[in-house]
>>> print(open('my_file.txt').read())   # compact mmCIF, C-alpha atoms
# COMPACT_ATOMS: atom_id res chain seq x y z
CA MET A 1 -14.29 7.32 -32.85
CA THR A 2 -11.29 5.05 -32.24
CA GLU A 3 -8.81 7.79 -33.16
CA THR A 4 -10.47 10.30 -30.83
CA LYS A 5 -10.39 7.83 -27.96
CA SER A 6 -6.71 7.05 -28.51
CA ILE A 7 -5.86 10.77 -28.55
CA THR A 8 -7.84 11.77 -25.46
CA ALA A 9 -7.17 8.70 -23.28
CA PRO A 10 -4.36 9.33 -20.76
CA ALA A 11 -1.14 7.45 -21.47
CA ARG A 12 -0.40 4.51 -19.20
CA ASP A 13 2.26 5.35 -16.60
CA ARG A 14 4.77 2.51 -16.77
CA ALA A 15 6.64 3.79 -13.73
CA LEU A 16 3.46 3.62 -11.63
CA ASP A 17 2.72 0.10 -12.86
CA LEU A 18 6.31 -0.87 -12.04
CA LEU A 19 5.91 0.55 -8.52
CA LYS A 20 2.76 -1.55 -8.02
CA TRP A 21 4.47 -4.72 -9.24
CA LEU A 22 7.45 -4.12 -6.96
CA ALA A 23 5.08 -3.49 -4.04
CA MET A 24 3.32 -6.77 -4.83
CA LEU A 25 6.65 -8.60 -5.01
CA SER A 26 7.70 -7.11 -1.68
CA MET A 27 4.40 -8.21 -0.12
CA VAL A 28 4.79 -11.80 -1.35
CA MET A 29 8.39 -11.88 -0.06
CA ASP A 30 7.18 -10.70 3.34
CA HIS A 31 4.50 -13.38 3.51
CA LEU A 32 6.94 -16.10 2.47
CA ARG A 33 8.25 -15.89 6.06
CA TYR A 34 5.16 -17.83 7.13
CA ALA A 35 5.43 -20.54 4.49
CA GLY A 36 7.59 -22.78 6.65
CA TRP A 37 11.08 -21.54 5.83
CA HIS A 38 13.44 -19.82 8.25
CA ALA A 39 13.67 -16.57 6.32
CA ASN A 40 13.12 -13.79 8.86
CA TRP A 41 15.35 -11.49 6.80
CA LEU A 42 12.44 -11.16 4.34
CA TYR A 43 10.86 -8.86 6.93
CA VAL A 44 13.17 -6.10 5.66
CA PRO A 45 12.12 -5.97 1.97
CA GLY A 46 8.58 -6.64 3.19
CA ARG A 47 8.56 -3.17 4.80
CA LEU A 48 8.45 -1.63 1.32
CA ALA A 49 5.11 -3.10 0.25
CA PHE A 50 2.63 -1.08 2.29
CA PRO A 51 4.25 2.35 1.78
CA TRP A 52 4.49 1.73 -1.96
CA PHE A 53 0.82 0.76 -2.20
CA CYS A 54 -0.01 3.93 -0.26
CA LEU A 55 2.13 5.97 -2.65
CA ALA A 56 0.24 4.51 -5.62
CA ILE A 57 -3.04 5.55 -3.96
CA ALA A 58 -1.71 9.07 -3.33
CA VAL A 59 -0.56 9.43 -6.95
CA ASN A 60 -4.02 8.49 -8.24
CA VAL A 61 -5.70 10.90 -5.79
CA VAL A 62 -3.43 13.81 -6.76
CA ARG A 63 -3.77 13.15 -10.50
CA SER A 64 -7.56 13.01 -10.22
CA GLY A 65 -7.46 16.28 -8.31
CA ARG A 66 -5.51 17.93 -11.11
CA ARG A 67 -7.91 16.70 -13.80
CA GLU A 68 -11.10 17.69 -12.00
CA VAL A 69 -12.29 21.15 -11.06
CA GLU A 70 -14.04 19.78 -7.95
CA PRO A 71 -12.33 16.53 -6.86
CA SER A 72 -14.85 14.18 -5.29
CA VAL A 73 -15.01 10.74 -3.73
CA LYS A 74 -13.77 8.01 -6.07
CA TRP A 75 -16.59 5.57 -5.41
CA LYS A 76 -15.47 2.97 -7.97
CA TYR A 77 -11.93 2.84 -6.55
CA LEU A 78 -13.31 2.65 -3.01
CA THR A 79 -15.82 -0.06 -3.95
CA TRP A 80 -13.11 -2.33 -5.36
CA LEU A 81 -11.06 -1.95 -2.20
CA ALA A 82 -14.10 -2.63 -0.03
CA VAL A 83 -15.21 -5.69 -2.01
CA PHE A 84 -11.78 -7.31 -1.95
CA SER A 85 -11.36 -6.42 1.72
CA VAL A 86 -14.20 -8.89 2.32
CA VAL A 87 -13.03 -11.42 -0.30
CA ALA A 88 -9.47 -11.50 1.06
CA GLU A 89 -10.29 -11.82 4.76
CA LEU A 90 -10.89 -15.58 4.82
CA PRO A 91 -7.75 -16.51 2.77
CA TYR A 92 -5.78 -14.10 4.96
CA ARG A 93 -7.00 -15.78 8.14
CA ILE A 94 -6.44 -19.28 6.74
CA TYR A 95 -2.82 -18.57 5.88
CA MET A 96 -1.96 -16.31 8.83
CA ALA A 97 -3.95 -18.34 11.37
CA GLY A 98 -1.28 -18.24 14.07
CA GLU A 99 -0.37 -14.59 13.45
CA VAL A 100 -3.69 -12.83 12.92
CA THR A 101 -4.21 -9.85 15.23
CA THR A 102 -5.79 -7.44 12.73
CA LEU A 103 -7.92 -7.32 9.61
CA ASN A 104 -6.17 -7.74 6.27
CA VAL A 105 -4.46 -4.69 4.78
CA LEU A 106 -7.21 -3.61 2.36
CA PRO A 107 -9.48 -1.92 4.96
CA THR A 108 -6.50 0.22 5.97
CA LEU A 109 -5.89 1.17 2.33
CA ALA A 110 -9.59 1.97 1.83
CA LEU A 111 -9.64 4.27 4.87
CA GLY A 112 -6.35 5.81 3.74
CA LEU A 113 -7.88 6.54 0.34
CA LEU A 114 -10.79 8.37 1.98
CA VAL A 115 -8.49 10.38 4.25
CA ALA A 116 -6.23 11.34 1.31
CA GLN A 117 -9.23 12.40 -0.81
CA GLY A 118 -10.70 14.35 2.08
CA GLY A 119 -7.43 16.18 2.66
CA LEU A 120 -7.16 17.21 -0.99
CA SER A 121 -10.77 17.80 -2.00
CA ARG A 122 -12.84 20.94 -1.54
CA SER A 123 -15.99 18.82 -1.72
CA TRP A 124 -17.72 18.65 1.65
CA PRO A 125 -18.90 15.04 1.19
CA ALA A 126 -15.28 14.03 0.52
CA ARG A 127 -14.08 16.01 3.55
CA VAL A 128 -16.72 14.54 5.84
CA LEU A 129 -15.89 11.01 4.69
CA GLY A 130 -12.20 11.74 5.17
CA ILE A 131 -12.79 12.90 8.74
CA ALA A 132 -14.99 9.86 9.41
CA ALA A 133 -12.32 7.53 7.99
CA LEU A 134 -9.67 9.16 10.16
CA ALA A 135 -11.91 8.79 13.22
CA ILE A 136 -12.35 5.08 12.43
CA GLY A 137 -8.58 4.77 12.08
CA VAL A 138 -8.06 6.35 15.49
CA LEU A 139 -10.80 4.40 17.28
CA PHE A 140 -10.12 1.03 15.69
CA GLY A 141 -6.38 1.33 15.12
CA PRO A 142 -5.56 -1.91 16.99
CA GLN A 143 -7.90 -3.85 14.68
CA LEU A 144 -6.37 -2.36 11.50
CA MET A 145 -3.16 -3.60 9.93
CA PHE A 146 -0.62 -0.74 10.30
CA GLY A 147 -3.10 1.04 12.57
CA MET A 148 -3.93 4.73 12.65
CA TYR A 149 -0.61 5.76 11.11
CA GLY A 150 -1.23 3.41 8.20
CA VAL A 151 -4.50 5.25 7.53
CA LEU A 152 -2.58 8.56 7.51
CA LEU A 153 0.22 7.42 5.19
CA PRO A 154 -1.51 8.15 1.82
CA LEU A 155 -2.27 11.68 3.06
CA ALA A 156 1.39 12.13 4.02
CA TYR A 157 2.31 11.21 0.45
CA VAL A 158 -0.25 13.69 -0.92
CA LEU A 159 1.53 16.38 1.12
CA VAL A 160 4.82 15.50 -0.57
CA LEU A 161 3.36 15.24 -4.08
CA ARG A 162 1.57 18.57 -3.71
CA THR A 163 4.45 20.50 -2.15
CA SER A 164 8.09 19.37 -2.13
CA LEU A 165 10.07 16.15 -2.36
CA TRP A 166 12.15 17.45 0.54
CA LEU A 167 9.22 16.50 2.79
CA ALA A 168 9.63 12.81 1.91
CA ILE A 169 10.96 12.27 5.43
CA VAL A 170 7.38 12.84 6.69
CA PRO A 171 5.86 9.68 5.10
CA GLY A 172 9.08 7.88 6.09
CA ILE A 173 8.44 8.64 9.76
CA VAL A 174 4.72 7.82 9.40
CA CYS A 175 5.71 4.53 7.75
CA LEU A 176 7.98 3.68 10.69
CA LEU A 177 5.24 4.56 13.19
CA SER A 178 2.76 2.36 11.30
CA ASN A 179 5.05 -0.64 11.78
CA GLU A 180 6.10 -2.26 15.07
CA TRP A 181 8.40 0.66 15.79
CA PRO A 182 9.02 -0.05 19.51
CA LYS A 183 10.31 -3.53 18.62
CA ILE A 184 12.27 -2.18 15.66
CA ILE A 185 13.94 0.55 17.75
CA ASP A 186 14.63 -1.84 20.61
CA GLY A 187 16.14 -4.41 18.26
CA MET A 188 18.22 -1.73 16.55
CA LEU A 189 19.65 -0.62 19.90
CA TRP A 190 20.69 -4.25 20.51
CA GLY A 191 22.37 -4.35 17.11
CA ASP A 192 19.89 -6.73 15.47
CA PRO A 193 20.55 -6.51 11.69
CA ILE A 194 16.92 -7.26 10.77
CA SER A 195 15.69 -4.42 12.99
CA ILE A 196 18.29 -2.05 11.56
CA GLY A 197 17.30 -3.06 8.03
CA ALA A 198 13.60 -2.61 8.82
CA LEU A 199 14.23 0.88 10.22
CA VAL A 200 16.19 1.89 7.12
CA ALA A 201 13.56 0.35 4.81
CA CYS A 202 10.70 2.25 6.50
CA LEU A 203 12.51 5.59 6.36
CA LEU A 204 13.77 5.19 2.78
CA ALA A 205 10.67 3.53 1.26
CA PRO A 206 9.06 6.88 0.28
CA LEU A 207 12.24 8.17 -1.34
CA LEU A 208 12.76 4.90 -3.23
CA GLY A 209 9.12 4.90 -4.36
CA LEU A 210 9.29 8.50 -5.53
CA ALA A 211 12.54 7.75 -7.37
CA ILE A 212 10.83 4.87 -9.20
CA LEU A 213 7.96 7.17 -10.19
CA ARG A 214 10.37 9.76 -11.61
CA TRP A 215 12.11 7.08 -13.66
CA ARG A 216 10.96 6.43 -17.21
CA PRO A 217 11.42 2.67 -17.83
CA ALA A 218 12.74 1.93 -21.30
CA PHE A 219 11.09 -1.50 -21.16
CA GLY A 220 7.44 -2.48 -21.22
CA VAL A 221 5.59 -3.00 -17.94
CA TRP A 222 2.48 -5.18 -17.80
CA PRO A 223 -0.37 -2.82 -16.81
CA MET A 224 -1.76 -3.61 -13.39
CA ARG A 225 -5.51 -3.18 -13.76
CA ARG A 226 -8.46 -4.15 -11.57
CA TRP A 227 -7.82 -7.88 -12.02
CA ALA A 228 -4.73 -7.38 -9.85
CA TYR A 229 -6.97 -7.17 -6.75
CA LEU A 230 -7.32 -10.94 -7.11
CA ILE A 231 -3.60 -11.40 -6.48
CA TYR A 232 -4.04 -10.48 -2.83
CA PRO A 233 -6.46 -13.26 -1.75
CA VAL A 234 -5.07 -15.78 -4.26
CA HIS A 235 -1.47 -15.45 -3.09
CA PHE A 236 -2.53 -16.37 0.46
CA LEU A 237 -4.14 -19.57 -0.81
CA LEU A 238 -1.12 -20.45 -2.96
CA LEU A 239 1.29 -19.89 -0.08
CA PHE A 240 -0.95 -21.95 2.18
CA GLY A 241 -0.68 -24.79 -0.34
CA VAL A 242 3.12 -24.40 -0.43
CA ARG A 243 3.24 -24.60 3.37
CA GLN A 244 1.15 -27.78 3.36
CA LEU A 245 3.60 -29.35 0.90
CA ILE A 246 6.63 -28.33 2.96
CA GLU A 247 5.14 -29.61 6.21
>>> encode(input="my_file.txt", output="C-alpha cells")
Amino acid sequence: MTETKSITAPARDRALDLLKWLAMLSMVMDHLRYAGWHANWLYVPGRLAFPWFCLAIAVNVVRSGRREVEPSVKWKYLTWLAVFSVVAELPYRIYMAGEVTTLNVLPTLALGLLVAQGGLSRSWPARVLGIAALAIGVLFGPQLMFGMYGVLLPLAYVLVLRTSLWLAIVPGIVCLLSNEWPKIIDGMLWGDPISIGALVACLLAPLLGLAILRWRPAFGVWPMRRWAYLIYPVHFLLLFGVRQLIE
C-alpha cells in the first residue's frame, strides 16, 4: 500500500514551491513600507508578489486540466481561498488602516482562479462560474485589490502555459494594468526611479516567474502546503506589532 502510493503520487515541484516562497517574500517586503520605515523603494520588488501568486494558480489549473479528462471546479482550492479571505480581512484592515481602499488580495485570487478554470474547462458549471467571476471582477473592480485586470491575470498565464512562452508579454501588460499604471507611467515620464522600476517589474514579472518554473533547483525547498495560507493574516499582525515597537 505504501509503495503503491509513493509510486503513483505526483512528485513535488520544487521550482513551484520556490516561486511561492519568493512571492511571499516579495509580498512581505512590499508591506514593510507601512511598518514605519522610509523604504518606498520596496514598492518595486513588491510588484512581483501578485503576478507570481497568479502564476502559481495558473500552473495548478493547467496541470489539473492535463490530468483530468473533464476539468472541473476545484472546490477545495476555492474553499481555502474563500475561508482565508474572511480570516485575513481584519488583520489586513488593522495593519493597513490608513491605506485601505479595497478588500485584501485573496478575493481577487479566488475570482481569478474561477476565471482561469472557466477559460480552460469544457465543463459548463466551470464556465458559468468563470463568467460570473469575471462579471464580479468588472462590476466590483474598485473594491478588489488589483481590480478587474487582477482577476484576469491567472487566465492570461493559462494562455501562455497552454500556447507559447512568446506570449509572456500579455500577462506582463495585464500585470501593469492591474497596478496603479497611470501613476507609474506619469512617474516614469518624470524620471522617478521607483516608477521606472515598478514598470519594469510588472512587465518582467511573468518572464522571471516562468524562468523560475523552468529551473530545477539543486537544493531542497520547503513544501508550501495549505498551512501557508496562515502566513497572510499572521504577517499583518506581526508587522503591526513591529510598527507599534518602532513608534
>>> closest_residue(input="my_file.txt", among="A:Ala88, A:Leu19, A:Val200, A:Leu152", to="Met188 in chain A", atoms="only C-alpha atoms")
A:Val200
>>> residues_around(input="my_file.txt", residues="range 43-45 of chain A", least_positions_apart="3", cutoff="12 Å", atoms="only C-alpha atoms", output="number ranges by chain")
A: 22-34, 38-40, 48-52, 179-180, 184, 192-205
>>> axis_aligned_box(input="my_file.txt", around="range 157-161 of chain A", padding_each_side="5 Å", output="AutoDock Vina command-line options")
--center_x 2.3 --center_y 13.8 --center_z -1.5 --size_x 15.1 --size_y 15.2 --size_z 15.2
>>> closest_atom_pairs(input="my_file.txt", of="range 127-234 of chain A", to="range 111-119 of chain A", cutoff="8 Å", atoms="only C-alpha atoms", output="JSON lines")
{"residue": "A:Arg127", "atom": "CA", "partner": "A:Gly118", "partner_atom": "CA", "distance": 4.0}
{"residue": "A:Val128", "atom": "CA", "partner": "A:Gly118", "partner_atom": "CA", "distance": 7.1}
{"residue": "A:Leu129", "atom": "CA", "partner": "A:Leu114", "partner_atom": "CA", "distance": 6.4}
{"residue": "A:Gly130", "atom": "CA", "partner": "A:Val115", "partner_atom": "CA", "distance": 4.1}
{"residue": "A:Ile131", "atom": "CA", "partner": "A:Val115", "partner_atom": "CA", "distance": 6.7}
{"residue": "A:Ala133", "atom": "CA", "partner": "A:Leu111", "partner_atom": "CA", "distance": 5.2}
{"residue": "A:Leu134", "atom": "CA", "partner": "A:Val115", "partner_atom": "CA", "distance": 6.1}
{"residue": "A:Gly137", "atom": "CA", "partner": "A:Leu111", "partner_atom": "CA", "distance": 7.3}
{"residue": "A:Gly150", "atom": "CA", "partner": "A:Gly112", "partner_atom": "CA", "distance": 7.2}
{"residue": "A:Val151", "atom": "CA", "partner": "A:Gly112", "partner_atom": "CA", "distance": 4.3}
{"residue": "A:Leu152", "atom": "CA", "partner": "A:Gly112", "partner_atom": "CA", "distance": 6.0}
{"residue": "A:Leu153", "atom": "CA", "partner": "A:Gly112", "partner_atom": "CA", "distance": 6.9}
{"residue": "A:Pro154", "atom": "CA", "partner": "A:Gly112", "partner_atom": "CA", "distance": 5.7}
{"residue": "A:Leu155", "atom": "CA", "partner": "A:Ala116", "partner_atom": "CA", "distance": 4.3}
{"residue": "A:Val158", "atom": "CA", "partner": "A:Ala116", "partner_atom": "CA", "distance": 6.8}
>>> write_last_selection(input="my_file.txt", atoms="C-alpha atoms", output="PDB file, keeping the file's coordinate frame")
ATOM      1  CA  ARG A 127     -14.080  16.010   3.550  1.00  0.00           C
ATOM      2  CA  VAL A 128     -16.720  14.540   5.840  1.00  0.00           C
ATOM      3  CA  LEU A 129     -15.890  11.010   4.690  1.00  0.00           C
ATOM      4  CA  GLY A 130     -12.200  11.740   5.170  1.00  0.00           C
ATOM      5  CA  ILE A 131     -12.790  12.900   8.740  1.00  0.00           C
ATOM      6  CA  ALA A 133     -12.320   7.530   7.990  1.00  0.00           C
ATOM      7  CA  LEU A 134      -9.670   9.160  10.160  1.00  0.00           C
ATOM      8  CA  GLY A 137      -8.580   4.770  12.080  1.00  0.00           C
ATOM      9  CA  GLY A 150      -1.230   3.410   8.200  1.00  0.00           C
ATOM     10  CA  VAL A 151      -4.500   5.250   7.530  1.00  0.00           C
ATOM     11  CA  LEU A 152      -2.580   8.560   7.510  1.00  0.00           C
ATOM     12  CA  LEU A 153       0.220   7.420   5.190  1.00  0.00           C
ATOM     13  CA  PRO A 154      -1.510   8.150   1.820  1.00  0.00           C
ATOM     14  CA  LEU A 155      -2.270  11.680   3.060  1.00  0.00           C
ATOM     15  CA  VAL A 158      -0.250  13.690  -0.920  1.00  0.00           C
TER      16      VAL A 158
END
>>> closest_residue(input="my_file.txt", among="A:Leu165, A:Gly209, A:Arg47, A:Tyr232", to="Trp181 in chain A", atoms="only C-alpha atoms")
A:Arg47
>>> atom_distance(input="my_file.txt", atom1="CA of Leu189 in chain A", atom2="CA of Leu210 in chain A")
28.9 Å
>>> build_atoms(input="my_file.txt", residues="range 9-34 of chain A", atoms="N, CA, C and O atoms", output="CSV table (one decimal), keeping the file's coordinate frame")
chain,number,residue,atom,x,y,z
A,9,ALA,N,-7.4,9.6,-24.4
A,9,ALA,CA,-7.2,8.7,-23.3
A,9,ALA,C,-5.8,9.0,-22.7
A,9,ALA,O,-4.8,9.1,-23.4
A,10,PRO,N,-5.7,9.1,-21.4
A,10,PRO,CA,-4.4,9.3,-20.8
A,10,PRO,C,-3.4,8.2,-21.0
A,10,PRO,O,-3.8,7.0,-21.0
A,11,ALA,N,-2.1,8.5,-21.2
A,11,ALA,CA,-1.1,7.4,-21.5
A,11,ALA,C,-0.9,6.7,-20.2
A,11,ALA,O,-0.9,7.2,-19.1
A,12,ARG,N,-0.7,5.4,-20.4
A,12,ARG,CA,-0.4,4.5,-19.2
A,12,ARG,C,1.0,4.9,-18.6
A,12,ARG,O,2.0,5.0,-19.3
A,13,ASP,N,1.0,5.0,-17.3
A,13,ASP,CA,2.3,5.4,-16.6
A,13,ASP,C,3.0,4.1,-16.2
A,13,ASP,O,2.6,3.4,-15.3
A,14,ARG,N,4.0,3.7,-17.0
A,14,ARG,CA,4.8,2.5,-16.8
A,14,ARG,C,5.5,2.5,-15.4
A,14,ARG,O,5.6,1.5,-14.8
A,15,ALA,N,6.0,3.7,-15.0
A,15,ALA,CA,6.6,3.8,-13.7
A,15,ALA,C,5.7,3.5,-12.6
A,15,ALA,O,6.1,2.8,-11.6
A,16,LEU,N,4.4,3.9,-12.7
A,16,LEU,CA,3.5,3.6,-11.6
A,16,LEU,C,3.1,2.1,-11.6
A,16,LEU,O,3.0,1.5,-10.5
A,17,ASP,N,3.0,1.6,-12.8
A,17,ASP,CA,2.7,0.1,-12.9
A,17,ASP,C,3.9,-0.7,-12.3
A,17,ASP,O,3.7,-1.7,-11.6
A,18,LEU,N,5.1,-0.2,-12.6
A,18,LEU,CA,6.3,-0.9,-12.0
A,18,LEU,C,6.3,-0.8,-10.5
A,18,LEU,O,6.6,-1.8,-9.8
A,19,LEU,N,6.0,0.4,-10.0
A,19,LEU,CA,5.9,0.6,-8.5
A,19,LEU,C,4.9,-0.4,-7.9
A,19,LEU,O,5.2,-1.1,-6.9
A,20,LYS,N,3.8,-0.6,-8.5
A,20,LYS,CA,2.8,-1.6,-8.0
A,20,LYS,C,3.3,-3.0,-8.1
A,20,LYS,O,3.0,-3.7,-7.1
A,21,TRP,N,3.9,-3.4,-9.2
A,21,TRP,CA,4.5,-4.7,-9.2
A,21,TRP,C,5.6,-5.0,-8.2
A,21,TRP,O,5.6,-6.0,-7.6
A,22,LEU,N,6.4,-4.0,-8.0
A,22,LEU,CA,7.4,-4.1,-7.0
A,22,LEU,C,6.8,-4.2,-5.6
A,22,LEU,O,7.3,-4.9,-4.7
A,23,ALA,N,5.8,-3.4,-5.3
A,23,ALA,CA,5.1,-3.5,-4.0
A,23,ALA,C,4.5,-4.9,-3.8
A,23,ALA,O,4.6,-5.5,-2.8
A,24,MET,N,3.9,-5.4,-4.9
A,24,MET,CA,3.3,-6.8,-4.8
A,24,MET,C,4.4,-7.8,-4.6
A,24,MET,O,4.2,-8.7,-3.7
A,25,LEU,N,5.5,-7.7,-5.2
A,25,LEU,CA,6.6,-8.6,-5.0
A,25,LEU,C,7.1,-8.5,-3.6
A,25,LEU,O,7.4,-9.5,-2.9
A,26,SER,N,7.3,-7.3,-3.1
A,26,SER,CA,7.7,-7.1,-1.7
A,26,SER,C,6.7,-7.7,-0.7
A,26,SER,O,7.1,-8.4,0.3
A,27,MET,N,5.4,-7.6,-1.0
A,27,MET,CA,4.4,-8.2,-0.1
A,27,MET,C,4.5,-9.7,-0.1
A,27,MET,O,4.5,-10.4,1.0
A,28,VAL,N,4.7,-10.3,-1.3
A,28,VAL,CA,4.8,-11.8,-1.4
A,28,VAL,C,6.0,-12.3,-0.6
A,28,VAL,O,6.0,-13.3,0.1
A,29,MET,N,7.2,-11.5,-0.8
A,29,MET,CA,8.4,-11.9,-0.1
A,29,MET,C,8.2,-11.8,1.4
A,29,MET,O,8.6,-12.7,2.2
A,30,ASP,N,7.5,-10.8,1.9
A,30,ASP,CA,7.2,-10.7,3.3
A,30,ASP,C,6.4,-11.9,3.8
A,30,ASP,O,6.7,-12.5,4.9
A,31,HIS,N,5.4,-12.3,3.1
A,31,HIS,CA,4.5,-13.4,3.5
A,31,HIS,C,5.1,-14.8,3.4
A,31,HIS,O,4.7,-15.7,4.0
A,32,LEU,N,6.2,-14.8,2.6
A,32,LEU,CA,6.9,-16.1,2.5
A,32,LEU,C,7.5,-16.5,3.8
A,32,LEU,O,7.8,-17.7,4.0
A,33,ARG,N,7.7,-15.6,4.7
A,33,ARG,CA,8.2,-15.9,6.1
A,33,ARG,C,7.4,-16.9,6.8
A,33,ARG,O,7.8,-17.6,7.7
A,34,TYR,N,6.1,-17.0,6.4
A,34,TYR,CA,5.2,-17.8,7.1
A,34,TYR,C,4.9,-19.1,6.4
A,34,TYR,O,4.0,-19.9,6.7
